[in-house]
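A.B. asks: One structure follows; several queries about it will come next.
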Amino acid sequence: MQHTGTLPIRTRRLQLRRFMPGDAGNIFKWSGSAKNSRYVMERPHQTLEQAEQLLDEFLLQYQNDDFYLWAIAFQGEVIGYITGNEISEETKSVSLGYCIREKYWGRGLVTEAAAAVVDYLFSVGFDQIRASHHPDNPASGRVMQKIGMTFEGRIHNGSMLAGKVCDCMQYALTRSDWEKRAETECSFDYHT
């Protein structure tokens, strides 16, 4: 694989970019919300300082070419994140994860971001992209379906989400299935 790290991506409505110094306030808008963070964090941040520490970790990790984490910016405001993590070089696979503020749910923004990031990750050389969601969060599963992922099953006690072992609903998309889909759809503008 030819790792490129987190390079900017533009979609019709979104700018996917690296987090930057000064983004902590927007991070805290979702990381400090129990409703927003309940499936991705052990507990919501209680202070802005915790969001600043998380941001510092992100900024440090951007030095690594195999670190894929984008801030999702909509109308100039950071509203969440999307990531490719849990990378396996052996199987050329990566996991997709995301979270946006509740205020922006139901607008197709995560689907738009996820489709672009999937395209990007396959262009890097991954052969499979996986994603999972908590059974109580079917909206996340609908995002996975809309971007072409196939439901693979419910894995009992198969994940650690929000600091707890729980069942997870597992999805995947292979390079061959993505290529079939990509032939009929438009691509996104990378590196702008």
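We name chains A, B, ... following the order of the structure tokens; residues begin at 1 in each chain, and ligands are numbered from 1 as shown.
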Could you find all residues in stretch 1-183 of chain A that DSSP calls helix (DSSP H, G or I) from the backbone, and write them as a PyMOL selection string?
C.D. replies: chain A and resi 24-31+34-37+48-61+102-104+109-124+138-146+175-182
A.B. asks: Can you list, as a list in words, every protein, DNA or RNA residue that comes within 7 Å of A:Lys146 when you count only C-alpha atoms, leaving out same-chain residues fewer than 3 positions away?
C.D. replies: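 Final neighbour list, sorted by chain and number: Thr111, Arg142 and Val143 of chain A.
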A.B. asks: Find the spatial neighbours of A:Ser159, counting only C-alpha atoms, within a cut-off of 10 Å - ignore same-chain residues fewer than 2 positions away - and output them as a PyMOL selection string.
C.D. replies: chain A and resi 132-134+155-157+161-170
A.B. asks: Excluding A:Gln50 and its own-chain neighbours fewer than 2 positions away, which residues fall within 12 Å of it when counting only C-alpha atoms? Please give them as a PyMOL selection string.
C.D. replies: chain A and resi 24-25+27-29+31-32+43-48+52-57
A.B. asks: For the residues in the current selection, export N, CA and C atoms as a PDB file, in the first residue's frame.
C.D. replies:
```pdb
ATOM      1  N   ALA A  24     -10.637  22.831  18.873  1.00  0.00           N
ATOM      2  CA  ALA A  24     -11.088  22.182  20.111  1.00  0.00           C
ATOM      3  C   ALA A  24     -12.517  22.579  20.488  1.00  0.00           C
ATOM      4  N   GLY A  25     -12.885  23.834  20.294  1.00  0.00           N
ATOM      5  CA  GLY A  25     -14.239  24.265  20.639  1.00  0.00           C
ATOM      6  C   GLY A  25     -15.295  23.509  19.849  1.00  0.00           C
ATOM      7  N   ILE A  27     -14.791  20.517  18.434  1.00  0.00           N
ATOM      8  CA  ILE A  27     -14.717  19.120  18.878  1.00  0.00           C
ATOM      9  C   ILE A  27     -15.565  18.942  20.130  1.00  0.00           C
ATOM     10  N   PHE A  28     -15.467  19.890  21.052  1.00  0.00           N
ATOM     11  CA  PHE A  28     -16.199  19.780  22.317  1.00  0.00           C
ATOM     12  C   PHE A  28     -17.712  19.783  22.098  1.00  0.00           C
ATOM     13  N   LYS A  29     -18.174  20.379  21.011  1.00  0.00           N
ATOM     14  CA  LYS A  29     -19.616  20.395  20.731  1.00  0.00           C
ATOM     15  C   LYS A  29     -20.158  18.990  20.524  1.00  0.00           C
ATOM     16  N   SER A  31     -17.931  16.017  21.372  1.00  0.00           N
ATOM     17  CA  SER A  31     -17.312  15.145  22.375  1.00  0.00           C
ATOM     18  C   SER A  31     -17.870  15.398  23.771  1.00  0.00           C
ATOM     19  N   GLY A  32     -18.454  16.559  23.995  1.00  0.00           N
ATOM     20  CA  GLY A  32     -19.048  16.882  25.283  1.00  0.00           C
ATOM     21  C   GLY A  32     -20.524  16.552  25.370  1.00  0.00           C
ATOM     22  N   ARG A  43     -17.058   8.021  27.857  1.00  0.00           N
ATOM     23  CA  ARG A  43     -17.910   9.027  28.498  1.00  0.00           C
ATOM     24  C   ARG A  43     -17.648  10.359  27.813  1.00  0.00           C
ATOM     25  N   PRO A  44     -18.632  11.225  27.775  1.00  0.00           N
ATOM     26  CA  PRO A  44     -18.427  12.531  27.130  1.00  0.00           C
ATOM     27  C   PRO A  44     -17.385  13.358  27.867  1.00  0.00           C
ATOM     28  N   HIS A  45     -16.726  14.213  27.127  1.00  0.00           N
ATOM     29  CA  HIS A  45     -15.800  15.147  27.765  1.00  0.00           C
ATOM     30  C   HIS A  45     -16.573  16.077  28.684  1.00  0.00           C
ATOM     31  N   GLN A  46     -15.978  16.359  29.821  1.00  0.00           N
ATOM     32  CA  GLN A  46     -16.607  17.259  30.785  1.00  0.00           C
ATOM     33  C   GLN A  46     -16.107  18.686  30.640  1.00  0.00           C
ATOM     34  N   THR A  47     -14.914  18.830  30.037  1.00  0.00           N
ATOM     35  CA  THR A  47     -14.313  20.154  29.930  1.00  0.00           C
ATOM     36  C   THR A  47     -13.733  20.375  28.539  1.00  0.00           C
ATOM     37  N   LEU A  48     -13.589  21.618  28.180  1.00  0.00           N
ATOM     38  CA  LEU A  48     -12.939  21.985  26.927  1.00  0.00           C
ATOM     39  C   LEU A  48     -11.486  21.501  26.922  1.00  0.00           C
ATOM     40  N   GLU A  52      -9.255  19.687  24.046  1.00  0.00           N
ATOM     41  CA  GLU A  52      -7.952  20.208  23.620  1.00  0.00           C
ATOM     42  C   GLU A  52      -6.890  19.113  23.666  1.00  0.00           C
ATOM     43  N   GLN A  53      -6.938  18.254  24.686  1.00  0.00           N
ATOM     44  CA  GLN A  53      -5.992  17.137  24.778  1.00  0.00           C
ATOM     45  C   GLN A  53      -6.204  16.163  23.620  1.00  0.00           C
ATOM     46  N   LEU A  54      -7.462  15.878  23.306  1.00  0.00           N
ATOM     47  CA  LEU A  54      -7.767  15.000  22.178  1.00  0.00           C
ATOM     48  C   LEU A  54      -7.236  15.612  20.878  1.00  0.00           C
ATOM     49  N   LEU A  55      -7.462  16.891  20.691  1.00  0.00           N
ATOM     50  CA  LEU A  55      -6.963  17.586  19.510  1.00  0.00           C
ATOM     51  C   LEU A  55      -5.434  17.495  19.437  1.00  0.00           C
ATOM     52  N   ASP A  56      -4.753  17.679  20.542  1.00  0.00           N
ATOM     53  CA  ASP A  56      -3.289  17.569  20.555  1.00  0.00           C
ATOM     54  C   ASP A  56      -2.837  16.176  20.102  1.00  0.00           C
ATOM     55  N   GLU A  57      -3.566  15.134  20.524  1.00  0.00           N
ATOM     56  CA  GLU A  57      -3.242  13.772  20.087  1.00  0.00           C
ATOM     57  C   GLU A  57      -3.422  13.643  18.575  1.00  0.00           C
TER      58      GLU A  57
END
```
A.B. asks: For stretch 3-5 of chain A, list every protein, DNA or RNA residue within 6 Å, evaluated using only C-alpha atoms, and leave out those in the same chain fewer than 2 positions away; present the list as a list of chain:residue names.
C.D. replies: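 Residues near the query, excluding close chain neighbours: A:Met1, A:Asp65, A:Asp66, A:Phe67, A:Tyr68, A:Val124.
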A.B. asks: Produce a file of the selected residues containing N, CA and C atoms, as an mmCIF file, in the first residue's frame.
C.D. replies:
```
data_model
loop_
_atom_site.group_PDB
_atom_site.id
_atom_site.type_symbol
_atom_site.label_atom_id
_atom_site.label_comp_id
_atom_site.auth_asym_id
_atom_site.auth_seq_id
_atom_site.Cartn_x
_atom_site.Cartn_y
_atom_site.Cartn_z
ATOM 1 N N MET A 1 0.840 -1.183 0.000
ATOM 2 C CA MET A 1 0.000 0.000 0.000
ATOM 3 C C MET A 1 0.881 1.240 0.000
ATOM 4 N N ASP A 65 2.138 8.638 8.131
ATOM 5 C CA ASP A 65 1.494 8.483 6.822
ATOM 6 C C ASP A 65 0.320 7.503 6.841
ATOM 7 N N ASP A 66 0.234 6.674 7.876
ATOM 8 C CA ASP A 66 -0.883 5.729 7.949
ATOM 9 C C ASP A 66 -1.948 6.175 8.964
ATOM 10 N N PHE A 67 -2.031 7.465 9.188
ATOM 11 C CA PHE A 67 -3.057 8.037 10.074
ATOM 12 C C PHE A 67 -4.082 8.759 9.213
ATOM 13 N N TYR A 68 -5.321 8.288 9.283
ATOM 14 C CA TYR A 68 -6.398 8.812 8.452
ATOM 15 C C TYR A 68 -7.531 9.316 9.342
ATOM 16 N N VAL A 124 -5.699 4.493 -1.941
ATOM 17 C CA VAL A 124 -4.442 4.287 -1.222
ATOM 18 C C VAL A 124 -3.941 2.857 -1.421
#
```
A.B. asks: Could you pull the residues within 9 Å of stretch 87-89 of chain A, counting only C-alpha atoms, minus those fewer than 3 positions along the same chain, as a PyMOL selection string?
C.D. replies: chain A and resi 1+66+84+92-95+126
A.B. asks: Quick one: everything within 10 Å of A:Met149, counting only C-alpha atoms, minus sequence neighbours fewer than 4 positions away in the same chain. Send it as an NGL selection string.
C.D. replies: :A and (129-131 or 141-145 or 170-174 or 177-178)
A.B. asks: I need the residues from that last selection saved to file as a compact mmCIF listing (two decimals), in the first residue's frame (with C-alpha atoms), if you can.
C.D. replies:
```txt
# COMPACT_ATOMS: atom_id res chain seq x y z
CA ILE A 129 -13.12 -1.48 4.31
CA ARG A 130 -15.04 -2.60 7.38
CA ALA A 131 -17.40 -0.74 9.65
CA GLY A 141 -25.99 1.08 9.53
CA ARG A 142 -28.05 2.95 6.94
CA VAL A 143 -24.99 5.09 6.15
CA MET A 144 -22.99 1.89 5.61
CA GLN A 145 -25.67 0.48 3.30
CA GLN A 170 -20.63 -5.68 10.99
CA TYR A 171 -20.48 -4.38 7.41
CA ALA A 172 -17.78 -4.55 4.74
CA LEU A 173 -17.01 -3.37 1.23
CA THR A 174 -14.43 -5.09 -0.96
CA ASP A 177 -17.61 -4.43 -5.19
CA TRP A 178 -16.45 -0.82 -4.89
```
A.B. asks: Report, in Å with one decimal, the straight-line distance from atom CA of A:Asn137 to atom CA of A:Ala114.
C.D. replies: 16.5 Å
A.B. asks: For a test of reading the model, state the distance in Å between atom CA of A:Leu16 and atom CA of A:Cys99, rounded to one decimal.
C.D. replies: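 Separation between atom CA of A:Leu16 and atom CA of A:Cys99: 13.1 Å.
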A.B. asks: For a quick check of understanding, using only C-alpha atoms, which of A:Ser140, A:Thr150, A:Asn64, A:Gln2 has the smallest distance to A:Val110?
C.D. replies: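 Of A:Ser140, A:Thr150, A:Asn64, A:Gln2, the one nearest A:Val110, counting only C-alpha atoms, is A:Ser140.
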A.B. asks: Just list as an MDAnalysis selection string whatever in stretch 47-174 of chain A DSSP marks as strand (DSSP E or B).
C.D. replies: chainID A and resid 68:74 77:88 93:100 128:133 150:161 164:174
A.B. asks: Go through A:Glu77, A:Ile82, A:Ala34, A:Pro138 one by one, measure the shortest atom-to-atom distance of each to A:Ala116 using only C-alpha atoms, and give the residue with the smallest value.
C.D. replies: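 Smallest distance to A:Ala116 is found for A:Ile82.
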A.B. asks: Quick one: distance from atom CA of A:Thr83 to atom CA of A:Lys35 in Å, one decimal?
C.D. replies: 19.6 Å
A.B. asks: Using only C-alpha atoms, which of A:Ala73, A:Leu14, A:Val78, A:Ala51 sits nearest A:Ser33?
C.D. replies: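 For A:Ser33, the nearest of the given residues is A:Ala51.
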